[in-house]
Every structure is written in C-alpha cells, then in structure tokens.
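As provided, run_22.cif (mmCIF, C-alpha atoms) reads as follows.
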```
data_target
loop_
_atom_site.label_atom_id
_atom_site.label_comp_id
_atom_site.auth_asym_id
_atom_site.auth_seq_id
_atom_site.Cartn_x
_atom_site.Cartn_y
_atom_site.Cartn_z
CA MET A 668 -2.87 -28.11 -5.42
CA THR A 669 -2.96 -25.80 -2.45
CA VAL A 670 -2.29 -22.07 -2.29
CA THR A 671 -2.15 -19.78 0.73
CA LEU A 672 -4.47 -16.79 0.50
CA LYS A 673 -3.51 -13.72 2.55
CA MET A 674 -6.34 -11.32 3.32
CA PHE A 675 -6.20 -7.67 4.31
CA ALA A 676 -8.48 -4.75 5.14
CA GLN A 677 -12.01 -5.08 3.68
CA ILE A 678 -11.48 -8.69 2.56
CA ARG A 679 -9.98 -9.79 5.91
CA GLU A 680 -12.95 -8.26 7.74
CA ALA A 681 -15.58 -9.61 5.32
CA VAL A 682 -14.21 -13.17 5.31
CA GLY A 683 -13.33 -13.01 9.00
CA ALA A 684 -9.80 -14.43 8.77
CA PRO A 685 -6.34 -13.15 7.81
CA GLU A 686 -5.36 -16.28 5.91
CA ALA A 687 -6.86 -19.38 4.26
CA GLU A 688 -5.52 -22.48 2.55
CA LEU A 689 -7.35 -23.00 -0.76
CA ALA A 690 -7.46 -26.34 -2.53
CA LEU A 691 -7.68 -25.56 -6.25
CA ALA A 692 -7.79 -27.67 -9.38
CA GLU A 693 -4.66 -27.95 -11.50
CA GLY A 694 -4.57 -25.05 -13.95
CA ALA A 695 -6.38 -22.70 -11.58
CA THR A 696 -5.71 -18.98 -12.01
CA GLY A 697 -6.11 -15.81 -9.98
CA ARG A 698 -9.74 -15.70 -11.12
CA ASP A 699 -10.46 -18.84 -9.12
CA VAL A 700 -9.08 -17.09 -6.04
CA TRP A 701 -11.26 -14.08 -6.85
CA ASP A 702 -14.31 -16.37 -7.14
CA TRP A 703 -13.51 -17.90 -3.72
CA VAL A 704 -13.31 -14.45 -2.13
CA ARG A 705 -16.56 -13.33 -3.77
CA SER A 706 -18.44 -16.41 -2.61
CA SER A 707 -16.93 -16.19 0.89
CA ALA A 708 -17.77 -12.50 1.19
CA PRO A 709 -20.77 -11.77 -1.06
CA ALA A 710 -21.29 -8.32 0.52
CA LEU A 711 -17.92 -7.14 -0.76
CA LYS A 712 -18.69 -4.32 -3.20
CA PHE A 713 -15.55 -4.20 -5.33
CA PRO A 714 -15.53 -5.18 -9.01
CA ILE A 715 -12.52 -7.21 -10.11
CA GLU A 716 -11.30 -4.20 -12.14
CA ALA A 717 -10.78 -2.24 -8.90
CA CYS A 718 -8.64 -4.95 -7.32
CA ARG A 719 -5.21 -6.39 -8.05
CA LEU A 720 -3.76 -9.86 -7.70
CA ALA A 721 -0.46 -10.57 -5.98
CA VAL A 722 1.38 -13.87 -6.40
CA ASN A 723 4.39 -14.46 -4.17
CA HIS A 724 4.54 -10.75 -3.26
CA GLU A 725 4.44 -9.47 -6.85
CA PHE A 726 1.62 -7.99 -8.89
CA ALA A 727 0.28 -10.46 -11.44
CA PRO A 728 -2.59 -10.55 -13.97
CA PHE A 729 -5.73 -12.36 -12.79
CA ASP A 730 -5.36 -14.95 -15.57
CA GLN A 731 -1.95 -16.04 -14.28
CA ARG A 732 -1.85 -19.79 -13.62
CA LEU A 733 -1.05 -20.66 -10.04
CA ARG A 734 1.32 -23.31 -8.75
CA ASP A 735 1.19 -25.49 -5.67
CA GLY A 736 2.52 -23.60 -2.66
CA ASP A 737 1.98 -20.10 -4.09
CA GLU A 738 1.12 -17.29 -1.70
CA VAL A 739 -1.65 -15.21 -3.24
CA ALA A 740 -3.56 -12.10 -2.22
CA ILE A 741 -6.41 -10.04 -3.64
CA LEU A 742 -5.58 -6.40 -3.01
CA THR A 743 -8.47 -3.98 -2.67
CA PRO A 744 -7.63 -0.34 -3.60
CA VAL A 745 -4.63 0.70 -1.54
CA ALA A 746 -4.50 3.88 0.54
CA GLY A 747 -1.01 4.30 1.93
CA GLY A 748 0.64 7.64 2.49
CA MET B 1432 17.59 -1.01 8.38
CA ARG B 1433 16.33 -1.34 4.81
CA ALA B 1434 15.91 1.76 2.66
CA PHE B 1435 12.14 1.16 2.68
CA ALA B 1436 10.63 -0.07 5.91
CA LEU B 1437 7.43 -0.37 7.87
CA THR B 1438 7.34 0.51 11.53
CA ASP B 1439 4.80 0.38 14.33
CA GLU B 1440 6.83 2.94 16.31
CA PRO B 1441 6.60 6.76 15.97
CA ILE B 1442 8.59 8.02 12.95
CA ASP B 1443 11.44 10.50 13.47
CA PRO B 1444 11.72 12.35 10.11
CA GLY B 1445 15.03 13.94 11.08
CA ALA B 1446 16.61 10.54 11.65
CA LEU B 1447 15.39 9.38 8.23
CA LEU B 1448 16.89 12.49 6.64
CA ASP B 1449 20.24 11.79 8.29
CA ARG B 1450 20.28 8.37 6.63
CA VAL B 1451 20.43 9.87 3.13
CA ARG B 1452 23.08 12.54 3.85
CA ARG B 1453 26.13 12.21 1.59
CA PRO B 1454 29.26 14.38 1.28
CA ALA B 1455 28.37 15.00 -2.40
CA ALA B 1456 24.79 16.06 -1.59
CA GLY B 1457 23.91 19.74 -1.75
CA ALA B 1458 20.18 19.17 -1.30
CA LEU B 1459 18.09 17.15 1.11
CA ASP B 1460 14.37 16.81 0.45
CA LEU B 1461 11.94 15.49 3.04
CA PHE B 1462 8.23 14.70 2.67
CA VAL B 1463 6.28 14.05 5.85
CA GLY B 1464 2.67 12.86 5.67
CA ILE B 1465 0.72 13.33 8.89
CA VAL B 1466 -2.75 12.39 10.12
CA ARG B 1467 -5.28 15.22 9.68
CA ASN B 1468 -8.51 15.67 11.59
CA HIS B 1469 -10.87 15.67 8.60
CA ASN B 1470 -11.47 13.97 5.24
CA ASP B 1471 -14.25 14.51 2.70
CA GLY B 1472 -16.09 16.81 5.10
CA ARG B 1473 -16.06 14.36 7.99
CA ASP B 1474 -14.31 14.66 11.35
CA VAL B 1475 -11.55 12.07 11.67
CA LEU B 1476 -10.60 10.96 15.18
CA ARG B 1477 -7.74 8.57 14.33
CA LEU B 1478 -6.48 6.15 11.68
CA GLN B 1479 -5.46 2.55 11.44
CA TYR B 1480 -2.94 1.42 8.81
CA GLU B 1481 -2.72 -2.21 7.78
CA ALA B 1482 -0.01 -3.52 5.46
CA TYR B 1483 1.03 -6.68 3.64
CA PRO B 1484 4.52 -6.54 5.15
CA GLU B 1485 6.47 -8.93 2.89
CA MET B 1486 5.04 -7.38 -0.26
CA VAL B 1487 5.32 -3.76 0.92
CA GLU B 1488 9.04 -4.14 1.42
CA LYS B 1489 9.50 -5.65 -2.04
CA VAL B 1490 7.35 -3.00 -3.74
CA GLY B 1491 8.90 -0.19 -1.69
CA GLU B 1492 12.48 -1.21 -2.43
CA GLY B 1493 11.52 -1.39 -6.13
CA ILE B 1494 10.13 2.17 -6.03
CA LEU B 1495 13.31 3.52 -4.41
CA THR B 1496 15.50 1.68 -6.93
CA GLU B 1497 13.47 3.12 -9.82
CA ALA B 1498 13.78 6.63 -8.36
CA ILE B 1499 17.56 6.29 -8.16
CA GLU B 1500 17.67 5.09 -11.79
CA ARG B 1501 15.27 7.76 -13.04
CA PHE B 1502 16.57 10.87 -11.23
CA ASP B 1503 20.02 12.27 -10.56
CA ILE B 1504 19.92 11.59 -6.83
CA LEU B 1505 22.38 10.13 -4.34
CA GLY B 1506 20.22 8.49 -1.68
CA ALA B 1507 16.57 7.71 -0.95
CA ALA B 1508 14.76 6.22 2.03
CA ALA B 1509 11.15 5.88 3.16
CA LEU B 1510 9.37 4.78 6.31
CA HIS B 1511 5.63 4.03 6.70
CA ARG B 1512 3.69 3.53 9.91
CA THR B 1513 1.30 0.71 10.68
CA GLY B 1514 -1.18 0.34 13.52
CA THR B 1515 -3.26 3.04 15.18
CA LEU B 1516 -2.30 6.68 14.65
CA GLU B 1517 -3.65 9.80 16.32
CA ILE B 1518 -4.15 13.27 14.76
CA GLY B 1519 -0.77 14.83 13.99
CA ASP B 1520 1.16 11.56 14.04
CA VAL B 1521 3.59 10.97 11.19
CA ALA B 1522 2.14 8.36 8.80
CA VAL B 1523 4.91 8.33 6.19
CA ALA B 1524 8.27 10.01 5.59
CA VAL B 1525 10.34 10.09 2.39
CA ALA B 1526 13.90 11.47 2.33
CA VAL B 1527 16.04 12.10 -0.75
CA SER B 1528 19.54 13.52 -1.22
CA ALA B 1529 20.98 14.91 -4.45
CA ALA B 1530 23.72 17.23 -5.64
CA HIS B 1531 21.08 19.81 -6.63
CA ARG B 1532 17.52 20.59 -5.54
CA ASP B 1533 15.58 19.89 -8.77
CA ALA B 1534 16.34 16.19 -8.77
CA ALA B 1535 15.70 15.94 -5.02
CA PHE B 1536 12.24 17.57 -5.29
CA CYS B 1537 11.24 15.51 -8.34
CA ALA B 1538 12.40 12.20 -6.90
CA CYS B 1539 10.70 12.82 -3.54
CA ARG B 1540 7.39 13.56 -5.30
CA TYR B 1541 7.80 10.49 -7.50
CA ILE B 1542 8.43 8.22 -4.51
CA ILE B 1543 5.46 9.36 -2.42
CA ASP B 1544 3.14 9.21 -5.45
CA ARG B 1545 4.27 5.66 -6.26
CA ILE B 1546 3.86 4.60 -2.63
CA LYS B 1547 0.27 5.86 -2.71
CA ASP B 1548 -0.43 4.05 -5.99
CA ASP B 1549 1.26 0.70 -5.41
CA ALA B 1550 2.27 -0.03 -1.82
CA PRO B 1551 -0.10 -2.64 -0.35
CA ILE B 1552 -1.16 -0.52 2.62
CA TRP B 1553 -4.74 0.17 3.67
CA LYS B 1554 -6.11 2.98 5.83
CA LYS B 1555 -9.17 2.88 8.05
CA GLU B 1556 -10.61 6.17 9.26
CA PHE B 1557 -12.43 6.41 12.56
CA TYR B 1558 -15.23 9.01 12.74
CA PRO B 1559 -17.28 9.99 15.82
CA GLU B 1560 -19.96 7.38 14.99
CA SER B 1561 -18.37 4.91 12.61
CA ALA B 1562 -15.25 3.71 10.77
CA GLU B 1563 -14.47 3.05 7.11
CA TRP B 1564 -11.65 1.82 4.91
CA VAL B 1565 -10.57 4.74 2.75
CA LEU B 1566 -10.60 4.74 -1.05
CA CYS B 1567 -8.15 7.29 -2.40
CA SER B 1568 -9.27 9.38 -5.40
CA HIS B 1569 -7.17 7.24 -7.73
CA SER B 1570 -9.02 4.05 -6.83
CA SER B 1571 -12.41 5.80 -6.91
CA VAL B 1572 -11.74 6.43 -10.59
CA HIS B 1573 -11.26 2.72 -11.12
CA LEU B 1574 -14.52 1.96 -9.32
CA HIS B 1575 -16.33 4.56 -11.41
CA GLU B 1576 -14.94 3.19 -14.67
CA ALA B 1577 -15.73 -0.35 -13.65
CA ALA B 1578 -19.38 0.55 -13.09
CA HIS B 1579 -19.79 1.44 -16.78
#
```

Please rewrite the model in this file as structure tokens.
Amino acid sequence: MTVTLKMFAQIREAVGAPEAELALAEGATGRDVWDWVRSSAPALKFPIEACRLAVNHEFAPFDQRLRDGDEVAILTPVAGG
Amino acid sequence: MRAFALTDEPIDPGALLDRVRRPAAGALDLFVGIVRNHNDGRDVLRLQYEAYPEMVEKVGEGILTEAIERFDILGAAALHRTGTLEIGDVAVAVAVSAAHRDAAFCACRYIIDRIKDDAPIWKKEFYPESAEWVLCSHSSVHLHEAAH
C-alpha cells in the first residue's frame, strides 16, 4: 500500500522535501513511518515521545494501522502562538 | 471566512473582534500575540511560521467548538499568521464574546493555550548569526522526560 507523508519544519528541512509517497507493507503502522523519517534524516534529534502522529489530519497513536491512500505526518513539537 | 483561519496577510485584530460581536454580548475579549525582539536571551530579528494548513483548520475549529461548549460564551474566532513576520507584527489573534467578562476571559485564555499546545504550526527564529526552529517550554518538558 502507499501513503502520502507530509513533512514540515525540522523534518522537511532534514529530509529535503515537503512530501513523499511511501510504499509500506500491509499492516504497517505509524511506527513504520517514524522509522522511514529516522532513516531518511538520521541527524534529527527528536525522540518519538516528543513527536505526534497525524493520520488524515487527526492526531493518532503511533501504533495505529495505516490504510492505502492515508495522508500521514510526523509532527515535531509545535510552536504556534 | 471560517471561525479559525490561517492567513499570510497582516492581521487586523479589530476586524476579528467585530466578527464575534453579538447583541447579547456585554463583554468582548481579545488576545493579540505579537513578534518580540528577544527570546531566551537572544536577539530575534524576525520569525517564520509554517503550518500544516488542512490539519490546522480542523484542529482549530475543534478548539473553538470545545470553548463554546465549555464556557458560557456567544462567539469565538481566531486567526494565525504564516510566512515571514517582522518585530511587532501580529502573529495570532483570538476574539471571544460573552454576556459577562469572566467567561470571555477564561475562554480566550483556554483557546490561545490550546492553540499553542495542539495547532500544527512551527516557528523559526532568525538571530543575527543563525536561525532555529523554536521548542516551546511545553515541548522541552517532553524532550527532557524522554531522555530519562
């Protein structure tokens, strides 16, 4: 299956792209997306506990199973306001 | 315009306040966050805000809906800037109307705090010699805990 990964801020800069299409095995979860980001941007300093997963524009736990066509994002600590 | 919106244009707080005026409202509360020239002892020259637009609007509308359910208020609206901002520019504005002031103050505080905690918006500070993405104190706690 394929999911669309949206990247922002530190992750966008570290990976060098705002978006990527990821081919994942059936049954993949947010942790597989996390692993892809970590291997694509090894210098990124954040532990998984400091980040949040979004699936289709909603917060979701990292162990959530993904479906073909999902839009996912790893959110580093936010700083709006 | 939606009750919660992003904009890359300068924010007019007065116009936002006018959007929550109601005949039954006896109190209008407005929070305006602006860009300051220092942070953590460093000179700040300007800021850049980056957002996840589709998700920000969903999260933001959810925060405003919760505020209306939780407090005795009549209207609520918020506007957040994206792009490059200079010192003194308005970064965010929150406007609330209520029959009485207590609910208006409480709801306004609740909304800006929730925006800071949950809205997928990131801030990059530009210093005289460098630039860095900012970690607010809340997220620093998470990083600290995660290191143990």

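Run against this file, the PyMOL selection byres ((chain A) within 8 of (chain B)) gives back A:Phe675, A:Ala676, A:Gln677, A:Phe713, A:Pro714, A:Glu716, A:Ala717, A:His724, A:Glu725, A:Leu742, A:Pro744, A:Val745, A:Ala746, A:Gly747, A:Gly748.
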
Discussion item. Assuming the chain letters and numbering stay as they are in my file, what does the PyMOL selection byres ((chain B and resi 1539) around 9) actually select? List them as a PyMOL selection string.
Written reply: chain B and resi 1460-1462+1498+1507+1525-1527+1534-1538+1540-1544

Worksheet item: So which one's closest to Ser706 in chain A, A:Ala687, A:Ala721, A:Val670, A:Val682? Using all atoms listed in the file, please.
Response: A:Val682

Item to complete: Would you write out, as a PyMOL selection string, every residue that the PyMOL selection byres ((chain A and resi 722) around 10) captures in this file?
Response: (chain A and resi 670-672+697+720-721+723-729+731-734+737-741) or (chain B and resi 1486)

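With distances taken over all atoms listed in the file, B:Ala1455 is the one residue among B:Ala1455, B:Leu1476, B:Ile1442, B:Ala1434 lying closest to Asp1503 in chain B.
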
Worksheet item: Just how far from CA of Met674 in chain A is CA of Thr1496 in chain B, in Å to one decimal?
Response: 27.4 Å

Worksheet item: Mind pulling up the distance from CA of Arg679 in chain A to CA of Asp730 in chain A?
Response: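 Between CA of Asp730 in chain A and CA of Arg679 in chain A the gap works out to 22.6 Å.
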
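Of the residues listed (B:Asn1470, B:Glu1440, B:Ile1499, B:Phe1435), B:Ile1499 shows the shortest atom-to-atom separation from Ala1529 in chain B; distances use all atoms listed in the file.
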
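Here CA of Thr669 in chain A is placed at a distance of 5.3 Å from CA of Asp735 in chain A.
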
Test item: axis-aligned box, all listed atoms of range 715-734 of chain A, 4 Å on each side, centre and edges in Å rounded to one decimal, as JSON:
```
{"center_x": -4.0, "center_y": -12.8, "center_z": -9.4, "size_x": 25.1, "size_y": 29.1, "size_z": 20.3}
```

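Those residues that approach Asp702 in chain A to within 12 Å, counting all atoms listed in the file, are A:Leu689, A:Leu691, A:Ala695, A:Thr696, A:Ala708, A:Pro709, A:Leu711, A:Pro714, A:Ile715, A:Phe729, A:Ile741; same-chain residues fewer than 6 positions away are not listed.
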
Just-selected residues, C-alpha atoms written as a PDB file, keeping the file's coordinate frame:
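And here's out-v3.pdb as it stands now:
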```
ATOM      1  CA  LEU A 689      -7.350 -23.000  -0.760  1.00  0.00           C
ATOM      2  CA  LEU A 691      -7.680 -25.560  -6.250  1.00  0.00           C
ATOM      3  CA  ALA A 695      -6.380 -22.700 -11.580  1.00  0.00           C
ATOM      4  CA  THR A 696      -5.710 -18.980 -12.010  1.00  0.00           C
ATOM      5  CA  ALA A 708     -17.770 -12.500   1.190  1.00  0.00           C
ATOM      6  CA  PRO A 709     -20.770 -11.770  -1.060  1.00  0.00           C
ATOM      7  CA  LEU A 711     -17.920  -7.140  -0.760  1.00  0.00           C
ATOM      8  CA  PRO A 714     -15.530  -5.180  -9.010  1.00  0.00           C
ATOM      9  CA  ILE A 715     -12.520  -7.210 -10.110  1.00  0.00           C
ATOM     10  CA  PHE A 729      -5.730 -12.360 -12.790  1.00  0.00           C
ATOM     11  CA  ILE A 741      -6.410 -10.040  -3.640  1.00  0.00           C
TER      12      ILE A 741
END
```

Worksheet item: Taking all atoms listed in the file into account, which of A:Met668, A:Ser707, A:Arg719, A:Ile678 comes nearest Ala690 in chain A?
Response: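 Checking each of A:Met668, A:Ser707, A:Arg719, A:Ile678 against Ala690 in chain A, counting all atoms listed in the file, the winner is A:Met668.
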
Using only C-alpha atoms - which residues lie no farther than 7 Å from the point (21.8, 12.1, 1.3) in the file's frame? Write them as a short mmCIF file (atom, residue, chain, number, x, y, z; two decimals) with C-alpha atoms, in the coordinates of the input.
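And here is the file that came out, point-v9.cif:
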```cif
data_model
loop_
_atom_site.label_atom_id
_atom_site.label_comp_id
_atom_site.auth_asym_id
_atom_site.auth_seq_id
_atom_site.Cartn_x
_atom_site.Cartn_y
_atom_site.Cartn_z
CA ARG B 1450 20.28 8.37 6.63
CA VAL B 1451 20.43 9.87 3.13
CA ARG B 1452 23.08 12.54 3.85
CA ARG B 1453 26.13 12.21 1.59
CA ALA B 1456 24.79 16.06 -1.59
CA LEU B 1459 18.09 17.15 1.11
CA LEU B 1505 22.38 10.13 -4.34
CA GLY B 1506 20.22 8.49 -1.68
CA VAL B 1527 16.04 12.10 -0.75
CA SER B 1528 19.54 13.52 -1.22
CA ALA B 1529 20.98 14.91 -4.45
#
```

Starting from the structure just given, write a file holding range 1542-1565 of chain B with N, CA and C atoms, as a short mmCIF file (atom, residue, chain, number, x, y, z; two decimals), in the first residue's frame.
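Once written, selection-v1.cif looks like this:
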```
data_model
loop_
_atom_site.label_atom_id
_atom_site.label_comp_id
_atom_site.auth_asym_id
_atom_site.auth_seq_id
_atom_site.Cartn_x
_atom_site.Cartn_y
_atom_site.Cartn_z
N ILE B 1542 -8.48 29.14 24.69
CA ILE B 1542 -8.27 28.99 23.23
C ILE B 1542 -6.80 29.21 22.87
N ILE B 1543 -6.18 30.27 23.39
CA ILE B 1543 -4.78 30.51 22.99
C ILE B 1543 -3.87 29.43 23.56
N ASP B 1544 -4.16 28.94 24.77
CA ASP B 1544 -3.34 27.86 25.33
C ASP B 1544 -3.46 26.58 24.49
N ARG B 1545 -4.67 26.27 24.07
CA ARG B 1545 -4.87 25.06 23.25
C ARG B 1545 -4.23 25.20 21.87
N ILE B 1546 -4.28 26.40 21.31
CA ILE B 1546 -3.61 26.63 20.02
C ILE B 1546 -2.11 26.35 20.17
N LYS B 1547 -1.53 26.86 21.26
CA LYS B 1547 -0.09 26.65 21.47
C LYS B 1547 0.24 25.17 21.67
N ASP B 1548 -0.65 24.44 22.32
CA ASP B 1548 -0.39 23.02 22.59
C ASP B 1548 -0.60 22.13 21.36
N ASP B 1549 -1.63 22.40 20.59
CA ASP B 1549 -2.08 21.41 19.61
C ASP B 1549 -2.05 21.84 18.14
N ALA B 1550 -2.09 23.12 17.85
CA ALA B 1550 -2.17 23.51 16.44
C ALA B 1550 -0.86 23.19 15.73
N PRO B 1551 -0.91 22.45 14.62
CA PRO B 1551 0.33 22.10 13.91
C PRO B 1551 0.91 23.31 13.17
N ILE B 1552 1.60 24.13 13.97
CA ILE B 1552 2.25 25.35 13.47
C ILE B 1552 3.65 25.37 14.08
N TRP B 1553 4.64 25.68 13.26
CA TRP B 1553 6.03 25.71 13.73
C TRP B 1553 6.60 27.10 13.49
N LYS B 1554 7.53 27.48 14.40
CA LYS B 1554 8.09 28.84 14.38
C LYS B 1554 9.60 28.77 14.28
N LYS B 1555 10.15 29.46 13.31
CA LYS B 1555 11.61 29.54 13.18
C LYS B 1555 12.04 30.96 13.53
N GLU B 1556 13.00 31.05 14.46
CA GLU B 1556 13.52 32.36 14.85
C GLU B 1556 14.81 32.64 14.11
N PHE B 1557 14.94 33.88 13.65
CA PHE B 1557 16.15 34.32 12.96
C PHE B 1557 16.92 35.25 13.89
N TYR B 1558 18.18 34.86 14.19
CA TYR B 1558 19.06 35.64 15.05
C TYR B 1558 20.10 36.33 14.15
N PRO B 1559 20.92 37.23 14.73
CA PRO B 1559 21.90 37.92 13.88
C PRO B 1559 22.79 36.96 13.08
N GLU B 1560 23.15 35.79 13.68
CA GLU B 1560 24.10 34.91 13.00
C GLU B 1560 23.53 33.56 12.59
N SER B 1561 22.30 33.27 12.97
CA SER B 1561 21.78 31.93 12.71
C SER B 1561 20.26 31.92 12.76
N ALA B 1562 19.68 30.72 12.63
CA ALA B 1562 18.22 30.56 12.72
C ALA B 1562 17.92 29.19 13.30
N GLU B 1563 16.83 29.10 14.07
CA GLU B 1563 16.48 27.83 14.71
C GLU B 1563 14.98 27.67 14.82
N TRP B 1564 14.51 26.43 14.68
CA TRP B 1564 13.11 26.14 14.99
C TRP B 1564 12.95 26.16 16.50
N VAL B 1565 11.88 26.79 16.96
CA VAL B 1565 11.70 27.02 18.39
C VAL B 1565 10.97 25.85 19.03
#
```
